[in-house]
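A.B. asks: Input file: entry-v2.txt. Contents: compact mmCIF, C-alpha atoms and all ligand atoms.
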# COMPACT_ATOMS: atom_id res chain seq x y z
CA MET V 1 9.85 -43.40 -24.29
CA LYS V 2 6.67 -42.86 -22.37
CA THR V 3 5.35 -39.33 -22.04
CA ARG V 4 4.88 -38.42 -18.43
CA THR V 5 3.64 -35.38 -16.64
CA ARG V 6 6.63 -33.27 -15.81
CA ARG V 7 7.69 -34.07 -12.30
CA LEU V 8 11.10 -32.87 -11.30
CA ARG V 9 13.41 -35.66 -10.22
CA GLY V 10 15.97 -34.81 -7.65
CA SER V 11 16.29 -33.18 -4.32
CA GLU V 12 14.79 -30.21 -2.55
CA THR V 13 17.94 -28.26 -3.49
CA LEU V 14 17.16 -28.74 -7.17
CA ARG V 15 13.51 -27.87 -6.70
CA ARG V 16 14.57 -24.60 -5.08
CA MET V 17 17.10 -23.96 -7.85
CA VAL V 18 14.48 -24.08 -10.57
CA ARG V 19 11.71 -22.21 -8.82
CA GLU V 20 10.16 -19.79 -11.27
CA THR V 21 9.16 -17.30 -8.63
CA LYS V 22 11.90 -15.84 -6.47
CA ILE V 23 11.09 -13.50 -3.62
CA SER V 24 13.34 -11.30 -1.58
CA CYS V 25 12.82 -9.17 1.52
CA ASN V 26 13.74 -6.18 -0.64
CA ALA V 27 10.41 -6.49 -2.41
CA LEU V 28 8.31 -6.17 0.75
CA VAL V 29 6.67 -2.96 1.95
CA TYR V 30 5.18 -2.69 5.42
CA PRO V 31 2.21 -0.33 5.98
CA LEU V 32 2.20 1.52 9.29
CA PHE V 33 -0.46 3.74 10.88
CA VAL V 34 0.56 6.84 12.80
CA ARG V 35 -1.89 8.74 14.93
CA GLU V 36 -1.41 12.33 16.05
CA GLY V 37 -0.56 12.45 19.76
CA LYS V 38 2.10 11.11 22.10
CA GLY V 39 3.08 7.75 23.51
CA ILE V 40 0.60 5.79 21.41
CA GLU V 41 1.17 2.07 20.87
CA ASP V 42 -2.27 0.48 20.46
CA GLU V 43 -3.05 -2.78 18.81
CA LEU V 44 -5.66 -2.20 16.10
CA PRO V 45 -8.77 -4.22 16.90
CA SER V 46 -9.63 -4.64 13.21
CA LEU V 47 -6.07 -5.72 12.34
CA PRO V 48 -4.85 -8.10 15.05
CA GLY V 49 -1.09 -7.90 15.50
CA GLN V 50 -0.82 -4.43 13.90
CA ILE V 51 0.12 -1.48 16.10
CA ARG V 52 -0.91 2.12 15.67
CA TYR V 53 1.87 4.50 16.73
CA SER V 54 2.29 8.23 17.26
CA PRO V 55 5.14 10.22 15.67
CA ASP V 56 7.29 9.82 18.81
CA THR V 57 6.84 6.02 19.09
CA LEU V 58 6.89 5.13 15.40
CA ALA V 59 10.64 4.49 15.55
CA LYS V 60 9.91 1.35 17.61
CA GLY V 61 7.74 -0.10 14.86
CA ILE V 62 10.31 0.76 12.23
CA ASP V 63 13.14 -0.66 14.29
CA THR V 64 11.39 -4.01 14.79
CA ALA V 65 10.70 -4.28 11.09
CA LEU V 66 14.27 -3.34 10.14
CA ASN V 67 15.52 -6.09 12.44
CA ALA V 68 13.18 -8.53 10.75
CA GLY V 69 14.69 -7.57 7.38
CA VAL V 70 12.02 -5.17 6.07
CA HIS V 71 13.37 -1.80 4.92
CA SER V 72 10.46 -0.10 3.19
CA PHE V 73 7.40 1.39 4.80
CA LEU V 74 4.13 2.89 3.67
CA LEU V 75 2.93 5.49 6.16
CA PHE V 76 -0.70 6.40 6.81
CA GLY V 77 -1.59 9.30 9.09
CA ILE V 78 -4.55 9.73 11.37
CA PRO V 79 -5.00 13.34 12.54
CA LYS V 80 -6.48 14.47 15.84
CA THR V 81 -9.12 16.54 14.14
CA LYS V 82 -10.70 16.12 10.75
CA ASP V 83 -12.31 18.86 8.70
CA GLU V 84 -14.10 19.39 5.39
CA ASN V 85 -10.93 20.20 3.46
CA GLY V 86 -8.60 17.64 5.01
CA ASN V 87 -6.18 20.31 6.24
CA GLY V 88 -4.19 17.83 8.30
CA ALA V 89 -2.99 16.13 5.13
CA TYR V 90 -0.89 19.08 3.95
CA ASP V 91 -0.17 20.78 7.29
CA GLU V 92 3.60 21.29 7.63
CA ASN V 93 3.19 20.08 11.20
CA GLY V 94 0.77 17.28 10.43
CA VAL V 95 1.12 13.75 11.76
CA ILE V 96 2.97 12.39 8.72
CA GLN V 97 5.17 15.44 8.40
CA GLN V 98 6.23 15.10 12.07
CA SER V 99 6.78 11.38 11.63
CA LEU V 100 8.95 11.84 8.55
CA ARG V 101 11.23 14.32 10.32
CA ASN V 102 11.59 12.05 13.35
CA ILE V 103 12.24 8.86 11.44
CA LYS V 104 14.68 10.42 9.00
CA LYS V 105 16.60 11.87 11.95
CA THR V 106 16.81 8.45 13.62
CA PHE V 107 17.29 6.08 10.69
CA ALA V 108 18.45 8.32 7.79
CA ASP V 109 18.36 6.21 4.64
CA ASN V 110 18.12 2.85 6.41
CA ALA V 111 14.35 3.19 6.36
CA TYR V 112 12.75 3.86 2.98
CA LEU V 113 9.63 5.92 3.66
CA ILE V 114 6.73 5.92 1.24
CA THR V 115 3.85 8.23 2.15
CA ASP V 116 0.19 7.81 1.30
CA VAL V 117 -1.23 10.89 -0.40
CA CYS V 118 -4.98 11.03 0.11
CA LEU V 119 -7.52 13.15 1.96
CA CYS V 120 -9.88 10.48 3.33
CA GLU V 121 -8.04 10.02 6.60
CA TYR V 122 -8.18 13.79 7.14
CA THR V 123 -11.67 14.79 5.97
CA SER V 124 -14.70 14.92 8.27
CA HIS V 125 -16.86 13.37 5.52
CA GLY V 126 -14.34 10.57 4.89
CA HIS V 127 -14.10 11.05 1.13
CA CYS V 128 -10.78 11.06 -0.70
CA GLY V 129 -11.48 14.42 -2.35
CA LEU V 130 -13.26 17.72 -1.69
CA VAL V 131 -17.02 17.43 -1.51
CA HIS V 132 -19.20 20.05 -3.16
CA GLY V 133 -22.87 19.35 -2.69
CA ASN V 134 -23.09 15.60 -2.99
CA ARG V 135 -20.30 15.16 -5.48
CA ILE V 136 -16.58 14.81 -5.26
CA ASP V 137 -14.86 17.75 -6.93
CA ASN V 138 -12.02 16.10 -8.82
CA ASP V 139 -10.25 19.20 -10.10
CA ALA V 140 -10.50 21.21 -6.90
CA THR V 141 -8.87 18.29 -5.05
CA LEU V 142 -5.75 18.17 -7.23
CA PRO V 143 -3.96 21.21 -5.72
CA LEU V 144 -4.52 19.78 -2.24
CA LEU V 145 -3.05 16.41 -3.21
CA SER V 146 -0.08 18.22 -4.78
CA GLN V 147 0.39 20.26 -1.62
CA THR V 148 0.27 17.08 0.45
CA ALA V 149 2.90 15.38 -1.70
CA LEU V 150 5.11 18.48 -1.59
CA SER V 151 4.88 18.77 2.18
CA HIS V 152 5.91 15.09 2.44
CA ALA V 153 8.87 15.63 0.10
CA ARG V 154 10.03 18.63 2.14
CA CYS V 155 10.03 16.49 5.29
CA GLY V 156 12.07 13.66 3.76
CA SER V 157 9.60 11.28 2.14
CA ASP V 158 11.45 8.95 -0.25
CA MET V 159 8.43 8.27 -2.46
CA VAL V 160 4.84 9.47 -2.57
CA ALA V 161 1.89 7.15 -3.15
CA PRO V 162 -1.27 8.96 -4.26
CA SER V 163 -4.33 6.83 -3.48
CA ALA V 164 -7.24 9.26 -3.87
CA MET V 165 -8.04 8.11 -7.42
CA MET V 166 -8.70 11.62 -8.73
CA ASP V 167 -8.10 11.98 -12.47
CA GLY V 168 -4.92 13.90 -13.25
CA THR V 169 -3.33 13.31 -9.84
CA VAL V 170 -0.01 11.95 -11.07
CA ALA V 171 0.51 14.83 -13.53
CA ALA V 172 -0.41 17.40 -10.88
CA ILE V 173 1.94 15.91 -8.28
CA ARG V 174 4.77 15.42 -10.77
CA GLY V 175 4.47 19.09 -11.82
CA ALA V 176 4.42 20.33 -8.23
CA LEU V 177 7.42 18.20 -7.24
CA GLU V 178 9.46 19.35 -10.22
CA ALA V 179 8.63 22.99 -9.62
CA GLU V 180 10.27 22.72 -6.19
CA GLY V 181 13.32 20.73 -7.24
CA PHE V 182 12.02 17.33 -6.11
CA GLU V 183 12.28 15.70 -9.54
CA ASP V 184 14.03 12.69 -7.98
CA ILE V 185 11.08 11.77 -5.78
CA PRO V 186 9.28 8.86 -7.46
CA ILE V 187 5.52 8.45 -7.60
CA MET V 188 3.99 5.08 -6.80
CA SER V 189 0.48 5.47 -8.10
CA TYR V 190 -2.61 3.54 -7.09
CA ALA V 191 -3.58 3.25 -10.73
CA ALA V 192 -5.77 0.17 -10.47
CA LYS V 193 -7.69 0.49 -7.24
CA TYR V 194 -11.02 -1.24 -7.03
CA ALA V 195 -13.96 -0.08 -4.91
CA SER V 196 -13.56 -2.98 -2.55
CA ALA V 197 -15.06 -4.26 0.68
CA PHE V 198 -11.60 -5.61 1.45
CA TYR V 199 -10.60 -2.14 2.75
CA GLY V 200 -13.04 -2.43 5.68
CA PRO V 201 -10.54 -3.07 8.51
CA PHE V 202 -8.31 -0.22 7.23
CA ARG V 203 -11.20 2.25 7.35
CA GLU V 204 -11.97 1.09 10.85
CA ALA V 205 -8.32 1.67 11.81
CA ALA V 206 -8.09 5.08 10.14
CA GLY V 207 -11.65 6.20 10.88
CA SER V 208 -11.91 6.96 7.17
CA ALA V 209 -15.14 5.31 6.07
CA PRO V 210 -17.20 7.75 3.97
CA LYS V 211 -20.00 9.32 6.03
CA PHE V 212 -22.34 9.31 3.02
CA GLY V 213 -22.37 7.50 -0.30
CA ASP V 214 -19.45 5.30 -1.32
CA ARG V 215 -16.24 5.52 -3.33
CA LYS V 216 -17.70 4.07 -6.51
CA THR V 217 -17.52 7.35 -8.40
CA TYR V 218 -13.72 7.35 -8.16
CA GLN V 219 -12.66 3.76 -7.42
CA MET V 220 -13.18 1.02 -9.98
CA ASP V 221 -15.99 -1.47 -10.51
CA TYR V 222 -14.65 -4.97 -9.93
CA HIS V 223 -16.55 -6.26 -12.94
CA ASN V 224 -14.04 -4.50 -15.20
CA SER V 225 -10.47 -5.16 -16.18
CA LYS V 226 -9.98 -3.02 -19.30
CA GLU V 227 -10.62 0.05 -17.19
CA ALA V 228 -7.74 -0.94 -14.92
CA LEU V 229 -5.37 -1.27 -17.86
CA LYS V 230 -6.51 2.07 -19.24
CA ARG V 231 -5.96 3.81 -15.91
CA ILE V 232 -2.52 2.26 -15.66
CA ASP V 233 -1.64 3.60 -19.13
CA ILE V 234 -2.85 7.07 -18.22
CA ASP V 235 -0.85 7.14 -14.97
CA ILE V 236 2.27 6.01 -16.83
CA GLU V 237 1.79 8.80 -19.37
CA GLU V 238 1.38 11.28 -16.53
CA GLY V 239 4.72 10.24 -15.06
CA ALA V 240 4.15 7.43 -12.55
CA ASP V 241 7.22 5.37 -11.64
CA ILE V 242 5.52 2.37 -10.05
CA ILE V 243 1.95 1.16 -10.48
CA ILE V 244 -0.15 -0.24 -7.64
CA VAL V 245 -2.84 -2.85 -8.10
CA LYS V 246 -5.19 -3.42 -5.18
CA PRO V 247 -6.56 -5.51 -3.58
CA ALA V 248 -4.05 -8.27 -4.38
CA LEU V 249 -5.53 -11.79 -4.38
CA PRO V 250 -8.84 -10.73 -5.96
CA CYS V 251 -6.81 -8.98 -8.71
CA LEU V 252 -4.27 -11.61 -9.75
CA ASP V 253 -5.67 -11.39 -13.28
CA ILE V 254 -5.03 -7.65 -13.40
CA ILE V 255 -1.51 -8.07 -12.05
CA SER V 256 -0.84 -10.74 -14.62
CA GLN V 257 -2.17 -8.75 -17.57
CA ALA V 258 -0.50 -5.54 -16.48
CA SER V 259 2.86 -7.20 -15.91
CA ARG V 260 2.85 -8.44 -19.49
CA GLN V 261 1.75 -5.11 -20.95
CA ILE V 262 3.61 -2.43 -19.09
CA LYS V 263 7.26 -1.63 -18.66
CA LEU V 264 7.14 -0.37 -15.10
CA PRO V 265 7.34 -2.22 -11.78
CA ILE V 266 4.03 -3.33 -10.30
CA ALA V 267 3.28 -3.22 -6.60
CA ALA V 268 0.43 -5.38 -5.36
CA TYR V 269 -1.26 -4.22 -2.18
CA SER V 270 -2.49 -7.11 -0.07
CA VAL V 271 -5.02 -5.02 1.82
CA SER V 272 -6.42 -5.01 5.33
CA GLY V 273 -9.33 -7.36 4.57
CA GLU V 274 -7.01 -9.96 3.06
CA TYR V 275 -4.89 -9.87 6.21
CA ALA V 276 -7.88 -9.87 8.56
CA MET V 277 -9.46 -12.87 6.80
CA ILE V 278 -6.33 -14.96 7.26
CA LYS V 279 -6.00 -13.89 10.89
CA ALA V 280 -9.64 -14.61 11.69
CA ALA V 281 -9.76 -17.99 9.96
CA ALA V 282 -6.50 -19.04 11.59
CA ASN V 283 -7.74 -17.83 14.93
CA SER V 284 -10.79 -20.07 14.56
CA GLY V 285 -8.52 -22.99 13.78
CA PHE V 286 -9.77 -23.39 10.20
CA ILE V 287 -6.49 -22.73 8.40
CA ASP V 288 -2.75 -22.72 8.99
CA GLU V 289 -1.87 -19.01 9.17
CA TYR V 290 1.79 -19.39 8.28
CA LYS V 291 1.25 -21.63 5.28
CA ILE V 292 -1.64 -19.55 3.93
CA MET V 293 0.42 -16.38 4.34
CA CYS V 294 3.33 -17.92 2.42
CA GLU V 295 1.20 -19.34 -0.38
CA SER V 296 -0.79 -16.12 -0.84
CA ALA V 297 2.36 -13.98 -1.03
CA VAL V 298 4.08 -16.24 -3.54
CA ALA V 299 0.93 -16.29 -5.71
CA VAL V 300 1.05 -12.52 -6.01
CA PHE V 301 4.66 -12.58 -7.21
CA ARG V 302 3.93 -15.52 -9.51
CA ALA V 303 1.16 -13.44 -11.11
CA GLY V 304 3.79 -10.84 -11.99
CA ALA V 305 4.07 -8.39 -9.11
CA ASP V 306 7.50 -6.93 -8.37
CA ILE V 307 6.63 -5.50 -4.96
CA LEU V 308 4.23 -6.68 -2.27
CA ILE V 309 2.74 -4.23 0.20
CA THR V 310 1.56 -6.36 3.11
CA TYR V 311 0.74 -6.32 6.82
CA PHE V 312 2.57 -9.68 6.96
CA ALA V 313 5.86 -8.10 5.80
CA LYS V 314 7.85 -8.98 8.94
CA GLU V 315 6.56 -12.57 9.07
CA LEU V 316 7.21 -13.03 5.35
CA ALA V 317 10.75 -11.73 5.75
CA ALA V 318 11.25 -14.38 8.43
CA ALA V 319 9.82 -17.07 6.14
CA ILE V 320 12.20 -15.99 3.37
CA LYS V 321 15.19 -16.05 5.75
CA LYS V 322 14.15 -19.50 6.94
CA GLY V 323 14.02 -20.68 3.33
CA ASP V 324 10.35 -21.68 3.41
CA ILE V 325 9.67 -19.35 0.45
CA GLY V 326 11.79 -17.36 -1.91
C1 LIG R 1 -6.87 5.68 1.19
C2 LIG R 1 -6.50 4.24 1.22
C3 LIG R 1 -7.29 3.13 1.56
C4 LIG R 1 -6.44 2.03 1.56
C5 LIG R 1 -5.18 2.48 1.17
N1 LIG R 1 -5.24 3.84 0.95
C6 LIG R 1 -8.70 3.06 1.97
C7 LIG R 1 -9.77 3.30 1.00
O1 LIG R 1 -9.59 3.52 -0.19
O2 LIG R 1 -10.92 3.30 1.50
C8 LIG R 1 -6.82 0.64 1.93
C9 LIG R 1 -5.70 -0.23 2.40
C10 LIG R 1 -6.11 -1.45 3.14
O3 LIG R 1 -7.30 -1.83 3.19
O4 LIG R 1 -5.21 -2.08 3.70
N2 LIG R 1 -7.62 6.09 0.12
Kindly present the structure from the file in structure tokens form.

C.D. replies:
Amino acid sequence: MKTRTRRLRGSETLRRMVRETKISCNALVYPLFVREGKGIEDELPSLPGQIRYSPDTLAKGIDTALNAGVHSFLLFGIPKTKDENGNGAYDENGVIQQSLRNIKKTFADNAYLITDVCLCEYTSHGHCGLVHGNRIDNDATLPLLSQTALSHARCGSDMVAPSAMMDGTVAAIRGALEAEGFEDIPIMSYAAKYASAFYGPFREAAGSAPKFGDRKTYQMDYHNSKEALKRIDIDIEEGADIIIVKPALPCLDIISQASRQIKLPIAAYSVSGEYAMIKAAANSGFIDEYKIMCESAVAVFRAGADILITYFAKELAAAIKKGDIG
């Protein structure tokens, strides 16, 4: 018998049956931006097709996504005023806190709400932690991140997602949540978050670009992978429930290594720049948006991700329902 390259004989039905990578709508998380104010429904110029809501209009965005088959959301808040200490992040009446109350009232448990825990959207200097002199004060930031997570839990957040990359964040938040009886609130930690230019359109949307310096003292150097694995281990020890790797396509190697080494689910965050690149190239007629979206998403799951956080969540859900992927 001749040896041949393995090509599967048979029909499309069989090819689908033996697909190694299976995707479901349940694994998609849709990021949404909420701005303090009323009646807001603006398309974000840096993220074509993405709408920025206010706490009173957010239900529309959630409703559309639920109808498309997406049930999980990652909420980012943009306050009216920013200050040195990022007070809006942990204000009981802050933009996320208001949004959580509204959405939980309307949708109860039909919408799974994950809340970003970071200061950069709320600080006047745009850094993720408190600034003392020209440095980020890691330890002084921890109580504020804990307070933020607690205020989210009190308003109905289903899971908190700390993204500030301060050392000790997961332990601090876990302790604070347990002290108030929120031991069932999971922590999805941005353990492996690279200092990346792919976050550009997000910072434009949230007005959160640092006013001086950069995030390289607390986000990772993309030359390194061992550091990512070490940070993941530390966050697991501190009590994380899910680990985030971001950006997604530039980090398929990290996702792949981590998925073989750790025993927790991995969420890959396909960030704003990844989305914007596809949109822009498709808009110029260089690529097929739908096919590139499908292929990119499947690649992330094939690498080993269990969850995909993506601005294409609704369109991917439609592609899964249609049977084009999944
Ligand atoms: C906040 C945060 C950022 C993103 C998620 N959480 C921005 C940053 O670190 O500058 C980026 C997400 C995206 O680009 O879609 N720290």

A.B. asks: What are the centre and the three edge lengths of an axis-aligned box that wraps all atoms of stretch 113-127 of chain V in the file, given that 8 Å is added to every side, written as AutoDock Vina command-line options and rounded to one decimal in Å?

C.D. replies:
--center_x -3.6 --center_y 10.4 --center_z 3.9 --size_x 42.5 --size_y 25.0 --size_z 24.7

A.B. asks: Give me, as a list in words, all polymer residues having an atom no more than 12 Å from V:Gly94, counting only C-alpha atoms and skipping those fewer than 6 positions away in the same chain.

C.D. replies: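 The residues satisfying every condition are Val34, Arg35, Glu36, Gly37, Ser54, Pro55, Phe76, Gly77, Ile78, Pro79, Lys80, Thr81, Lys82, Gly86, Asn87, Gly88, Leu100, Arg101, Tyr122, Thr148, Ser151, His152 and Cys155 of chain V.
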
A.B. asks: Please, could you write that set of residues out with C-alpha atoms as a CSV table (one decimal), in the frame of the given file?

C.D. replies:
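And here is the file that came out, result17.csv:
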chain,number,residue,atom,x,y,z
V,34,VAL,CA,0.6,6.8,12.8
V,35,ARG,CA,-1.9,8.7,14.9
V,36,GLU,CA,-1.4,12.3,16.0
V,37,GLY,CA,-0.6,12.4,19.8
V,54,SER,CA,2.3,8.2,17.3
V,55,PRO,CA,5.1,10.2,15.7
V,76,PHE,CA,-0.7,6.4,6.8
V,77,GLY,CA,-1.6,9.3,9.1
V,78,ILE,CA,-4.6,9.7,11.4
V,79,PRO,CA,-5.0,13.3,12.5
V,80,LYS,CA,-6.5,14.5,15.8
V,81,THR,CA,-9.1,16.5,14.1
V,82,LYS,CA,-10.7,16.1,10.8
V,86,GLY,CA,-8.6,17.6,5.0
V,87,ASN,CA,-6.2,20.3,6.2
V,88,GLY,CA,-4.2,17.8,8.3
V,100,LEU,CA,9.0,11.8,8.6
V,101,ARG,CA,11.2,14.3,10.3
V,122,TYR,CA,-8.2,13.8,7.1
V,148,THR,CA,0.3,17.1,0.4
V,151,SER,CA,4.9,18.8,2.2
V,152,HIS,CA,5.9,15.1,2.4
V,155,CYS,CA,10.0,16.5,5.3

A.B. asks: Select, from V:Glu183, V:Asp116, V:Asp137, V:Glu238, the residue with the minimum atom-to-atom distance to V:Tyr218, counting all atoms listed in the file.

C.D. replies: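 Of the candidates, the smallest distance to V:Tyr218 is held by V:Asp137.
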
A.B. asks: What's the 8 Å shell around V:Asn85, counting all atoms listed in the file, without same-chain residues fewer than 3 positions away, as a PyMOL selection string?

C.D. replies: chain V and resi 119+122-123+130

A.B. asks: Distance atom CA of V:Gly273-atom CA of V:Tyr199, one decimal place?

C.D. replies: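 Here the two named atoms are 5.7 Å from each other.
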
A.B. asks: Per residue of chain V within 7 Å of ligand LIG 1 (chain R), which atom pair is closest and at what distance in Å (one decimal), using only C-alpha atoms and all ligand atoms, listed by chain and increasing number, as a tab-separated table?

C.D. replies:
residue	atom	partner	partner_atom	distance
V:Asp116	CA	R:LIG1	N1	6.7
V:Cys118	CA	R:LIG1	N2	5.6
V:Cys120	CA	R:LIG1	N2	5.9
V:Cys128	CA	R:LIG1	N2	5.9
V:Ser163	CA	R:LIG1	N2	4.9
V:Ala164	CA	R:LIG1	N2	5.1
V:Phe198	CA	R:LIG1	O3	6.0
V:Tyr199	CA	R:LIG1	O3	3.3
V:Gly200	CA	R:LIG1	O3	6.3
V:Pro201	CA	R:LIG1	O3	6.4
V:Phe202	CA	R:LIG1	O3	4.5
V:Arg203	CA	R:LIG1	O2	6.0
V:Ser208	CA	R:LIG1	O2	6.8
V:Ala209	CA	R:LIG1	O2	6.5
V:Ser270	CA	R:LIG1	O4	6.8
V:Val271	CA	R:LIG1	O4	3.5
V:Ser272	CA	R:LIG1	O4	3.6
V:Gly273	CA	R:LIG1	O3	6.1

A.B. asks: Which residues are close to V:Arg154, i.e. within 12 Å by all atoms listed in the file, leaving aside same-chain residues fewer than 5 positions away? Reply as a list of chain:residue names.

C.D. replies: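 Listed by chain and then number, they are V:Tyr90, V:Asp91, V:Glu92, V:Asn93, V:Ile96, V:Gln97, V:Gln98, V:Leu100, V:Arg101, V:Lys104, V:Gln147, V:Thr148, V:Ala149, V:Met159, V:Val160, V:Ala176, V:Leu177, V:Glu180, V:Gly181, V:Phe182, V:Ile185.
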
A.B. asks: Around the point (-3.5, -18.2, -2.5) (coordinates from the file), which residues reach within 12 Å if we count only C-alpha atoms? Answer as a list in words.

C.D. replies: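 Answer for this query, in the requested form: Ala248, Leu249, Pro250, Cys251, Leu252, Ser270, Glu274, Ile278, Glu289, Lys291, Ile292, Met293, Cys294, Glu295, Ser296, Ala297, Val298, Ala299, Val300, Phe301, Arg302 and Ala303 of chain V.
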
A.B. asks: What is the atom CA of V:Glu227-atom CA of V:Leu28 distance in Å, reported with one decimal?

C.D. replies: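 Separation between atom CA of V:Glu227 and atom CA of V:Leu28: 26.8 Å.
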
A.B. asks: How many Å separate atom CA of V:Gly129 from atom CA of V:Gln219?

C.D. replies: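 Interatomic distance, atom CA of V:Gly129 to atom CA of V:Gln219: 11.9 Å.
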
A.B. asks: Fewer than 3 positions away in the same chain doesn't count, so skip those; otherwise give me all residues within 9 Å of stretch 259-265 of chain V, counting all atoms listed in the file, as a list in words.

C.D. replies: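 Everything that qualifies: Leu229, Ile232, Asp233, Ile236, Ala240, Asp241, Ile242, Ile243, Ile244, Ile254, Ile255, Ser256, Ala303, Gly304, Ala305, Asp306 and Ile307 of chain V.
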
A.B. asks: Looking at all atoms listed in the file, which of V:Pro45, V:Gly126, V:Gly61, V:Gly39 is the one that sits closest to V:Phe212?

C.D. replies: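 Ranked by minimum distance to V:Phe212, first place goes to V:Gly126.
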
A.B. asks: Ranking V:Thr169, V:Ser225, V:Thr13, V:Thr217 by minimum distance to V:Ala192 and counting all atoms listed in the file, which one comes first?

C.D. replies: V:Ser225

A.B. asks: If we draw a sphere of 7 Å around (4.5, 12.4, -9.2), which residues have at least one atom in it when counting only C-alpha atoms? Please report them as a list in words.

C.D. replies: Val170, Ala171, Ile173, Arg174, Leu177, Pro186, Ile187, Gly239 and Ala240 of chain V

A.B. asks: Taking C-alpha atoms for each residue, export the selection above as a short mmCIF file (atom, residue, chain, number, x, y, z; two decimals), keeping the file's coordinate frame.

C.D. replies:
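Output below, filename out-v3.cif:
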data_model
loop_
_atom_site.label_atom_id
_atom_site.label_comp_id
_atom_site.auth_asym_id
_atom_site.auth_seq_id
_atom_site.Cartn_x
_atom_site.Cartn_y
_atom_site.Cartn_z
CA VAL V 170 -0.01 11.95 -11.07
CA ALA V 171 0.51 14.83 -13.53
CA ILE V 173 1.94 15.91 -8.28
CA ARG V 174 4.77 15.42 -10.77
CA LEU V 177 7.42 18.20 -7.24
CA PRO V 186 9.28 8.86 -7.46
CA ILE V 187 5.52 8.45 -7.60
CA GLY V 239 4.72 10.24 -15.06
CA ALA V 240 4.15 7.43 -12.55
#

A.B. asks: Which residue gives the smallest distance to V:Gly168 among V:Arg231, V:Arg52, V:Lys216, V:Lys211, with all atoms listed in the file counted?

C.D. replies: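 Using all atoms listed in the file, the shortest distance to V:Gly168 belongs to V:Arg231.
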
A.B. asks: Please list as a PyMOL selection string every residue within 9 Å of V:Ala27, counting all atoms listed in the file and excluding residues in the same chain fewer than 4 positions away.

C.D. replies: chain V and resi 23+70+72+267+306-309

A.B. asks: I need the residue nearest V:Leu58 from this list: V:Val29, V:Ala179, V:Val18, V:Asn102. Use only C-alpha atoms for the distance.

C.D. replies: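 Closest residue, counting only C-alpha atoms: V:Asn102.
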
A.B. asks: Considering only C-alpha atoms, can you say which of V:Gln257, V:Asn110, V:Gln50, V:Ser196 comes closest to V:Tyr30?

C.D. replies: V:Gln50

A.B. asks: Mind rebuilding stretch 202-215 of chain V with N, CA and C atoms and writing that out as a PDB file, in the frame of the given file?

C.D. replies:
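What ended up in selection.pdb:
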ATOM      1  N   PHE V 202      -9.136  -1.437   7.333  1.00  0.00           N
ATOM      2  CA  PHE V 202      -8.310  -0.220   7.230  1.00  0.00           C
ATOM      3  C   PHE V 202      -9.144   0.992   7.614  1.00  0.00           C
ATOM      4  N   ARG V 203     -10.353   1.078   7.077  1.00  0.00           N
ATOM      5  CA  ARG V 203     -11.200   2.250   7.350  1.00  0.00           C
ATOM      6  C   ARG V 203     -11.565   2.321   8.821  1.00  0.00           C
ATOM      7  N   GLU V 204     -11.722   1.171   9.414  1.00  0.00           N
ATOM      8  CA  GLU V 204     -11.970   1.090  10.850  1.00  0.00           C
ATOM      9  C   GLU V 204     -10.744   1.656  11.595  1.00  0.00           C
ATOM     10  N   ALA V 205      -9.562   1.243  11.147  1.00  0.00           N
ATOM     11  CA  ALA V 205      -8.320   1.670  11.810  1.00  0.00           C
ATOM     12  C   ALA V 205      -8.057   3.155  11.615  1.00  0.00           C
ATOM     13  N   ALA V 206      -8.398   3.684  10.435  1.00  0.00           N
ATOM     14  CA  ALA V 206      -8.090   5.080  10.140  1.00  0.00           C
ATOM     15  C   ALA V 206      -9.292   5.987  10.364  1.00  0.00           C
ATOM     16  N   GLY V 207     -10.424   5.405  10.715  1.00  0.00           N
ATOM     17  CA  GLY V 207     -11.650   6.200  10.880  1.00  0.00           C
ATOM     18  C   GLY V 207     -11.976   6.927   9.588  1.00  0.00           C
ATOM     19  N   SER V 208     -11.794   6.261   8.454  1.00  0.00           N
ATOM     20  CA  SER V 208     -11.910   6.960   7.170  1.00  0.00           C
ATOM     21  C   SER V 208     -13.045   6.461   6.294  1.00  0.00           C
ATOM     22  N   ALA V 209     -14.014   5.759   6.893  1.00  0.00           N
ATOM     23  CA  ALA V 209     -15.140   5.310   6.070  1.00  0.00           C
ATOM     24  C   ALA V 209     -15.956   6.530   5.649  1.00  0.00           C
ATOM     25  N   PRO V 210     -16.419   6.578   4.388  1.00  0.00           N
ATOM     26  CA  PRO V 210     -17.200   7.750   3.970  1.00  0.00           C
ATOM     27  C   PRO V 210     -18.493   7.867   4.783  1.00  0.00           C
ATOM     28  N   LYS V 211     -18.819   9.113   5.186  1.00  0.00           N
ATOM     29  CA  LYS V 211     -20.000   9.320   6.030  1.00  0.00           C
ATOM     30  C   LYS V 211     -21.284   9.256   5.195  1.00  0.00           C
ATOM     31  N   PHE V 212     -21.176   9.485   3.898  1.00  0.00           N
ATOM     32  CA  PHE V 212     -22.340   9.310   3.020  1.00  0.00           C
ATOM     33  C   PHE V 212     -21.837   8.725   1.709  1.00  0.00           C
ATOM     34  N   GLY V 213     -22.726   8.041   1.008  1.00  0.00           N
ATOM     35  CA  GLY V 213     -22.370   7.500  -0.300  1.00  0.00           C
ATOM     36  C   GLY V 213     -21.247   6.473  -0.197  1.00  0.00           C
ATOM     37  N   ASP V 214     -20.558   6.240  -1.301  1.00  0.00           N
ATOM     38  CA  ASP V 214     -19.450   5.300  -1.320  1.00  0.00           C
ATOM     39  C   ASP V 214     -18.359   5.841  -2.243  1.00  0.00           C
ATOM     40  N   ARG V 215     -17.349   5.019  -2.522  1.00  0.00           N
ATOM     41  CA  ARG V 215     -16.240   5.520  -3.330  1.00  0.00           C
ATOM     42  C   ARG V 215     -16.365   5.091  -4.803  1.00  0.00           C
TER      43      ARG V 215
END
